[in-house]
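Shown here: final-v5.txt, compact mmCIF, C-alpha atoms.
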# COMPACT_ATOMS: atom_id res chain seq x y z
CA MET K 257 -19.83 23.20 3.85
CA LEU K 258 -21.20 20.02 5.41
CA SER K 259 -22.39 17.17 3.25
CA SER K 260 -25.85 15.61 3.57
CA PRO K 261 -26.69 14.43 7.11
CA PRO K 262 -24.80 11.23 8.05
CA PRO K 263 -26.62 8.08 9.22
CA ALA K 264 -27.75 7.86 12.85
CA ASP K 265 -24.65 5.90 13.83
CA ARG K 266 -22.33 8.58 12.51
CA GLY K 267 -21.57 12.23 13.10
CA GLN K 268 -19.45 14.99 11.64
CA VAL K 269 -17.04 17.54 13.08
CA ILE K 270 -14.92 20.18 11.36
CA CYS K 271 -11.20 19.72 12.06
CA ASP K 272 -8.57 21.93 10.50
CA GLY K 273 -11.02 23.01 7.79
CA ASP K 274 -12.00 19.45 6.86
CA VAL K 275 -15.27 17.74 7.66
CA VAL K 276 -14.41 14.56 9.55
CA THR K 277 -17.02 11.81 9.79
CA TYR K 278 -16.86 9.67 12.92
CA ALA K 279 -18.49 6.34 13.73
CA ILE K 280 -20.52 6.07 16.93
CA VAL K 281 -20.08 2.74 18.73
CA ARG K 282 -22.55 2.12 21.57
CA SER K 283 -21.90 -0.57 24.16
CA ARG K 284 -22.15 -1.40 27.86
CA ARG K 285 -19.53 0.97 29.17
CA ARG K 286 -19.46 3.87 31.61
CA THR K 287 -17.33 6.46 29.82
CA MET K 288 -16.95 7.99 26.39
CA SER K 289 -13.72 7.76 24.41
CA ILE K 290 -12.32 8.57 20.97
CA THR K 291 -9.96 6.42 18.92
CA ILE K 292 -8.23 7.17 15.61
CA ARG K 293 -6.97 4.28 13.50
CA ARG K 294 -3.44 4.79 12.25
CA SER K 295 -4.04 2.74 9.08
CA ASP K 296 -6.72 5.01 7.61
CA CYS K 297 -7.22 7.92 10.06
CA SER K 298 -10.85 6.88 10.69
CA VAL K 299 -12.38 8.22 13.91
CA SER K 300 -14.57 6.19 16.29
CA VAL K 301 -16.44 7.50 19.31
CA ARG K 302 -17.30 4.84 21.90
CA VAL K 303 -20.18 5.73 24.19
CA PRO K 304 -22.43 4.04 26.79
CA ASP K 305 -25.78 2.71 25.60
CA GLY K 306 -28.46 5.38 25.86
CA THR K 307 -26.13 8.37 25.41
CA SER K 308 -27.99 11.13 23.58
CA ASP K 309 -26.81 12.46 20.22
CA GLN K 310 -26.51 15.93 21.75
CA THR K 311 -24.18 14.66 24.49
CA ILE K 312 -22.04 12.86 21.90
CA ARG K 313 -21.80 15.95 19.71
CA ARG K 314 -20.79 18.10 22.67
CA PHE K 315 -18.14 15.55 23.72
CA VAL K 316 -16.67 15.43 20.21
CA GLU K 317 -16.66 19.21 19.89
CA ASP K 318 -14.76 19.45 23.19
CA LYS K 319 -12.19 16.98 21.77
CA ARG K 320 -11.95 18.65 18.37
CA GLU K 321 -8.45 20.04 18.92
CA TRP K 322 -7.24 16.62 20.14
CA ILE K 323 -8.72 14.97 17.01
CA THR K 324 -7.15 17.60 14.75
CA VAL K 325 -3.67 17.20 16.25
CA HIS K 326 -3.70 13.39 16.20
CA ARG K 327 -5.05 13.16 12.64
CA ARG K 328 -2.41 15.64 11.48
CA ASN K 329 0.34 13.67 13.21
CA ILE K 330 -0.77 10.45 11.54
CA LEU K 331 -1.01 12.06 8.10
CA ASN K 332 2.30 13.90 8.43
CA ASP K 333 4.50 11.35 10.15
CA ASN K 334 7.51 10.24 8.14
CA SER K 335 6.85 6.51 8.02
CA GLU K 336 7.47 5.08 4.57
CA ARG K 337 5.08 3.14 2.39
CA ILE K 338 5.27 -0.62 2.67
CA ALA K 339 7.62 -1.99 0.02
CA ARG K 340 6.22 -5.09 -1.64
CA ARG K 341 8.20 -8.27 -1.29
CA TYR K 342 7.05 -11.79 -2.10
CA GLU K 343 8.42 -13.91 0.72
CA GLN K 344 7.22 -15.35 4.03
CA GLY K 345 6.31 -12.64 6.53
CA ALA K 346 6.41 -9.75 4.06
CA ARG K 347 3.65 -7.22 4.60
CA HIS K 348 1.01 -6.51 1.96
CA LEU K 349 -1.76 -3.93 2.07
CA TYR K 350 -5.43 -4.63 1.48
CA MET K 351 -7.98 -1.84 2.02
CA GLY K 352 -5.35 0.09 3.99
CA HIS K 353 -4.55 -2.73 6.43
CA ALA K 354 -1.17 -4.44 6.44
CA TYR K 355 -1.28 -8.25 6.37
CA SER K 356 1.62 -10.63 6.88
CA LEU K 357 2.23 -12.91 3.90
CA ARG K 358 1.89 -16.63 4.63
CA ILE K 359 2.87 -18.77 1.63
CA ILE K 360 1.63 -22.35 1.28
CA ILE K 361 2.67 -24.68 -1.52
CA SER K 362 -0.55 -26.38 -2.60
CA GLY K 363 -2.26 -28.11 -5.48
CA LYS K 364 -4.61 -25.18 -6.00
CA GLU K 365 -3.85 -21.47 -6.03
CA GLY K 366 -5.59 -18.57 -4.36
CA VAL K 367 -5.52 -15.89 -1.68
CA GLU K 368 -7.49 -15.55 1.53
CA LEU K 369 -7.32 -13.28 4.55
CA ASP K 370 -7.15 -14.88 7.98
CA GLY K 371 -6.84 -12.52 10.93
CA GLU K 372 -3.61 -10.60 10.34
CA ASP K 373 -2.37 -13.00 7.65
CA MET K 374 -2.69 -12.99 3.87
CA ILE K 375 -2.53 -16.69 3.01
CA VAL K 376 -1.32 -17.36 -0.54
CA SER K 377 -1.61 -20.91 -1.86
CA LEU K 378 0.78 -21.59 -4.73
CA LYS K 379 1.80 -24.44 -7.00
CA SER K 380 5.34 -22.99 -7.05
CA ILE K 381 6.97 -20.09 -5.23
CA ASP K 382 7.78 -18.21 -8.44
CA ARG K 383 4.05 -17.66 -9.04
CA CYS K 384 3.51 -15.63 -5.85
CA GLN K 385 3.39 -12.18 -7.44
CA LYS K 386 1.16 -13.33 -10.30
CA VAL K 387 -1.35 -15.02 -7.98
CA ILE K 388 -1.55 -12.02 -5.65
CA TYR K 389 -2.13 -9.58 -8.51
CA ALA K 390 -4.81 -11.81 -10.02
CA TRP K 391 -6.55 -11.79 -6.64
CA TYR K 392 -6.33 -7.99 -6.35
CA ALA K 393 -7.87 -7.72 -9.83
CA ARG K 394 -10.83 -9.95 -8.89
CA GLN K 395 -11.35 -8.04 -5.65
CA ALA K 396 -11.27 -4.71 -7.47
CA GLU K 397 -14.02 -5.73 -9.88
CA THR K 398 -16.39 -6.46 -7.01
CA VAL K 399 -15.28 -4.32 -4.05
CA ILE K 400 -14.60 -1.05 -5.89
CA LEU K 401 -17.86 -1.37 -7.79
CA GLU K 402 -19.70 -2.00 -4.52
CA ILE K 403 -18.08 1.09 -2.97
CA ALA K 404 -18.76 3.20 -6.06
CA ARG K 405 -22.40 2.23 -6.58
CA PRO K 406 -24.04 4.51 -3.94
CA TRP K 407 -21.80 7.43 -4.95
CA ILE K 408 -22.76 6.93 -8.61
CA HIS K 409 -26.45 6.84 -7.67
CA SER K 410 -26.19 10.00 -5.54
CA PHE K 411 -24.17 11.81 -8.20
CA ALA K 412 -26.66 10.88 -10.94
CA GLU K 413 -29.59 12.09 -8.85
CA ARG K 414 -27.98 15.49 -8.28
CA SER K 415 -26.19 16.06 -11.59
CA GLY K 416 -28.14 13.93 -14.05
CA ARG K 417 -24.92 12.27 -15.18
CA ARG K 418 -23.51 8.80 -14.74
CA PRO K 419 -20.59 6.90 -16.28
CA SER K 420 -21.24 5.15 -19.58
CA ALA K 421 -19.05 2.24 -18.43
CA ILE K 422 -16.65 1.27 -15.66
CA LYS K 423 -13.43 -0.59 -16.32
CA PHE K 424 -10.53 -1.84 -14.20
CA VAL K 425 -6.90 -1.55 -15.22
CA ARG K 426 -3.44 -1.87 -13.75
CA VAL K 427 -1.29 1.10 -14.67
CA LYS K 428 1.48 3.17 -13.07
CA SER K 429 0.26 6.58 -14.22
CA TYR K 430 -3.10 7.21 -12.53
CA TRP K 431 -5.53 6.00 -9.88
CA GLY K 432 -8.57 6.76 -11.98
CA GLN K 433 -9.44 8.19 -15.36
CA CYS K 434 -12.60 9.56 -16.95
CA SER K 435 -12.72 9.75 -20.75
CA SER K 436 -14.63 12.35 -22.76
CA ASN K 437 -17.31 9.75 -23.54
CA GLY K 438 -17.92 8.96 -19.87
CA ILE K 439 -15.91 5.77 -19.44
CA ILE K 440 -14.34 5.64 -15.98
CA LYS K 441 -11.32 3.44 -15.29
CA PHE K 442 -10.12 2.48 -11.82
CA ASN K 443 -6.65 1.18 -11.06
CA ILE K 444 -6.77 -2.21 -9.33
CA GLU K 445 -3.92 -0.96 -7.12
CA LEU K 446 -6.62 0.97 -5.25
CA MET K 447 -7.37 -2.28 -3.41
CA ARG K 448 -4.29 -1.55 -1.30
CA ALA K 449 -5.68 1.85 -0.20
CA PRO K 450 -8.07 2.60 2.69
CA ARG K 451 -11.76 2.66 1.78
CA GLN K 452 -12.04 6.42 2.28
CA CYS K 453 -9.29 6.92 -0.31
CA ILE K 454 -11.11 4.68 -2.81
CA GLU K 455 -14.23 6.77 -2.24
CA TYR K 456 -12.21 9.92 -2.96
CA ILE K 457 -11.03 8.56 -6.32
CA VAL K 458 -14.62 7.53 -7.16
CA ILE K 459 -16.05 11.01 -6.56
CA HIS K 460 -13.02 12.63 -8.21
CA GLU K 461 -13.67 10.74 -11.44
CA LEU K 462 -17.44 11.24 -11.28
CA CYS K 463 -16.91 15.00 -11.07
CA HIS K 464 -14.92 14.78 -14.30
CA LEU K 465 -18.21 13.90 -15.99
CA VAL K 466 -19.12 17.56 -15.41
CA HIS K 467 -15.72 19.27 -15.56
CA HIS K 468 -13.12 17.46 -17.64
CA ASN K 469 -10.27 19.42 -16.05
CA HIS K 470 -8.85 20.35 -12.64
CA SER K 471 -10.17 23.87 -12.52
CA PRO K 472 -11.38 25.64 -9.35
CA ARG K 473 -14.93 24.79 -10.39
CA PHE K 474 -13.98 21.11 -10.56
CA HIS K 475 -12.49 21.12 -7.05
CA GLU K 476 -15.47 23.08 -5.77
CA LEU K 477 -17.76 20.38 -7.14
CA VAL K 478 -15.68 17.64 -5.51
CA GLY K 479 -15.99 19.53 -2.22
CA THR K 480 -19.78 19.65 -2.41
CA TYR K 481 -19.88 15.85 -2.46
CA MET K 482 -16.85 15.21 -0.23
CA PRO K 483 -15.85 18.14 2.03
CA ASP K 484 -12.82 16.28 3.44
CA TRP K 485 -11.39 15.29 0.05
CA LYS K 486 -8.03 16.98 0.75
CA ALA K 487 -7.43 14.81 3.82
CA ARG K 488 -8.39 11.68 1.86
CA LYS K 489 -6.07 12.65 -0.99
CA ALA K 490 -3.21 13.23 1.47
CA LEU K 491 -3.82 9.86 3.10
CA LEU K 492 -3.80 8.12 -0.30
CA GLU K 493 -0.52 9.76 -1.28
CA LYS K 494 1.02 8.79 2.04
CA THR K 495 -0.19 5.20 2.11
CA VAL K 496 0.27 3.77 -1.38
CA SER K 497 1.60 4.57 -4.82
CA CYS K 498 0.53 3.09 -8.13
CA ARG K 499 4.12 3.56 -9.34
CA ASP K 500 5.64 1.00 -6.94
Turn this file's structure into structure tokens for me.
Amino acid sequence: MLSSPPPADRGQVICDGDVVTYAIVRSRRRTMSITIRRSDCSVSVRVPDGTSDQTIRRFVEDKREWITVHRRNILNDNSERIARRYEQGARHLYMGHAYSLRIIISGKEGVELDGEDMIVSLKSIDRCQKVIYAWYARQAETVILEIARPWIHSFAERSGRRPSAIKFVRVKSYWGQCSSNGIIKFNIELMRAPRQCIEYIVIHELCHLVHHNHSPRFHELVGTYMPDWKARKALLEKTVSCRD
């Protein structure tokens, strides 16, 4: 079952039983092409300015088998998760993208992203892990809430239910948790995952406001809001682990 119609700059195609949303990028070009990002499996369709929606849909449908095969290869390849190390050049994930760690000894501490680098300013090298985790925590409290807000609004409109509170924790046992009194907790480690995986955890926990279990009815409800939840779950499991 397809979800509600996507915005004008997006489309949907069914691949391998999952509904895949693709971004439409219009520019001054002569041909149409499809790209799939390895970091998060997102699909982009690049088309010339003025290309009709019908032409784009037909092009994507013709390439559906190609999209299916390449997405499956990305999800199923045997590359390992990035192991976290706190030294120059080590790679760290943020929103599914791997950044190279650049450590600077400085009078003030903080983290910023610059191109492909994650720049960490430290008073002493032994504080690297602490400073990075503090930054992830601050990002989680703003970014995850920003991602969750429209899903919460849509869920409340359709179900009449919304969380009583949202909290952020760092644990090694779950990505999200919904208590019997409606408090939803999100693991700050989600900041290392691609956006589509964060969205999956958001809708997963919201659906627990209706079904506080993992019954078929629960998964059916998740599917009504997010038809491609299985692919998002697989990508999350492949990309990051809260137990690292």
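Comparing K:Asn443, K:Thr480, K:Thr277, K:Gln452 by their smallest distance to Ala393 in chain K, the closest is K:Asn443 (using all atoms listed in the file).
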Taking the point (-6.9, 6.6, -15.5) as given in the file, collect each protein or nucleic acid residue that comes within 9 Å of it, counting only C-alpha atoms, and present the set as a list in words. Val425, Val427, Ser429, Tyr430, Trp431, Gly432, Gln433, Cys434, Ser435, Ile440, Lys441, Phe442, Asn443 and Glu461 of chain K
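As for CA of Gly363 in chain K and CA of Tyr342 in chain K, they are spaced 19.1 Å apart.
Proximity ranking of K:Met374, K:Val325, K:Tyr389, K:Glu365 relative to Gln344 in chain K places K:Met374 first, based on all atoms listed in the file.
Our summary of the geometry notes that CA of Val478 in chain K is positioned 13.0 Å from CA of Ser410 in chain K.
Around Trp391 in chain K, within 7 Å and counting only C-alpha atoms, the residues found are Val367, Val387 and Gln395 of chain K, once anything fewer than 4 positions away on its own chain is removed.
Coordinates place CA of Ile408 in chain K at a distance of 22.6 Å from CA of Gly352 in chain K.
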Any idea what's packed within 12 Å of His464 in chain K, counting only C-alpha atoms, ignoring anything in its chain fewer than 5 positions away? Could you give it as a PyMOL selection string? chain K and resi 411+415+417-419+432-441+457-459+469-471+473-478
Grab the residues selected above and save them as a compact mmCIF listing (two decimals), keeping the file's coordinate frame with C-alpha atoms.
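The new file again-v6.txt reads:
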# COMPACT_ATOMS: atom_id res chain seq x y z
CA PHE K 411 -24.17 11.81 -8.20
CA SER K 415 -26.19 16.06 -11.59
CA ARG K 417 -24.92 12.27 -15.18
CA ARG K 418 -23.51 8.80 -14.74
CA PRO K 419 -20.59 6.90 -16.28
CA GLY K 432 -8.57 6.76 -11.98
CA GLN K 433 -9.44 8.19 -15.36
CA CYS K 434 -12.60 9.56 -16.95
CA SER K 435 -12.72 9.75 -20.75
CA SER K 436 -14.63 12.35 -22.76
CA ASN K 437 -17.31 9.75 -23.54
CA GLY K 438 -17.92 8.96 -19.87
CA ILE K 439 -15.91 5.77 -19.44
CA ILE K 440 -14.34 5.64 -15.98
CA LYS K 441 -11.32 3.44 -15.29
CA ILE K 457 -11.03 8.56 -6.32
CA VAL K 458 -14.62 7.53 -7.16
CA ILE K 459 -16.05 11.01 -6.56
CA ASN K 469 -10.27 19.42 -16.05
CA HIS K 470 -8.85 20.35 -12.64
CA SER K 471 -10.17 23.87 -12.52
CA ARG K 473 -14.93 24.79 -10.39
CA PHE K 474 -13.98 21.11 -10.56
CA HIS K 475 -12.49 21.12 -7.05
CA GLU K 476 -15.47 23.08 -5.77
CA LEU K 477 -17.76 20.38 -7.14
CA VAL K 478 -15.68 17.64 -5.51
Mind checking which residues fall within 12 Å of range 482-489 of chain K, counting all atoms listed in the file, ignoring those fewer than 6 positions away in the same chain, and posting them as a PyMOL selection string? chain K and resi 257-260+268-277+296-298+324+327-328+330-332+407+410-411+431+449-460+462-463+475-476+495-497
Calculated over only C-alpha atoms, which of the candidates K:Arg320, K:Arg284, K:Lys494, K:His409 has the smallest distance to Val299 in chain K? K:Arg320
With 10 Å as the threshold, what does the neighbourhood of (-2.8, -2.0, 5.9) contain in terms of residues, counting all atoms listed in the file? Coordinates are those of the file; answer as a short mmCIF file (atom, residue, chain, number, x, y, z; two decimals) with C-alpha atoms, in the frame of the given file.
data_model
loop_
_atom_site.label_atom_id
_atom_site.label_comp_id
_atom_site.auth_asym_id
_atom_site.auth_seq_id
_atom_site.Cartn_x
_atom_site.Cartn_y
_atom_site.Cartn_z
CA ARG K 294 -3.44 4.79 12.25
CA SER K 295 -4.04 2.74 9.08
CA ASP K 296 -6.72 5.01 7.61
CA ILE K 338 5.27 -0.62 2.67
CA ARG K 347 3.65 -7.22 4.60
CA HIS K 348 1.01 -6.51 1.96
CA LEU K 349 -1.76 -3.93 2.07
CA TYR K 350 -5.43 -4.63 1.48
CA MET K 351 -7.98 -1.84 2.02
CA GLY K 352 -5.35 0.09 3.99
CA HIS K 353 -4.55 -2.73 6.43
CA ALA K 354 -1.17 -4.44 6.44
CA TYR K 355 -1.28 -8.25 6.37
CA SER K 356 1.62 -10.63 6.88
CA GLU K 372 -3.61 -10.60 10.34
CA ARG K 448 -4.29 -1.55 -1.30
CA ALA K 449 -5.68 1.85 -0.20
CA PRO K 450 -8.07 2.60 2.69
CA THR K 495 -0.19 5.20 2.11
CA VAL K 496 0.27 3.77 -1.38
#
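Nearest to Gly416 in chain K of all the residues K:Glu445, K:Glu343, K:Tyr481, K:Leu465 is K:Leu465, based on all atoms listed in the file.
Using only C-alpha atoms, the shortest contact distance between Met288 in chain K and any of K:Phe315, K:Ile323, K:Leu492, K:Gly267 is found at K:Phe315.
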Within 9 Å of Ile388 in chain K, counting all atoms listed in the file, which residues qualify if same-chain residues fewer than 4 places away don't, as a ChimeraX atom specification? /K:366-367,376,383-384,392-393
Within 9 Å of range 303-310 of chain K, counting all atoms listed in the file, which residues qualify if same-chain residues fewer than 2 places away don't, as a PyMOL selection string? chain K and resi 264+267+280-290+301+312-315
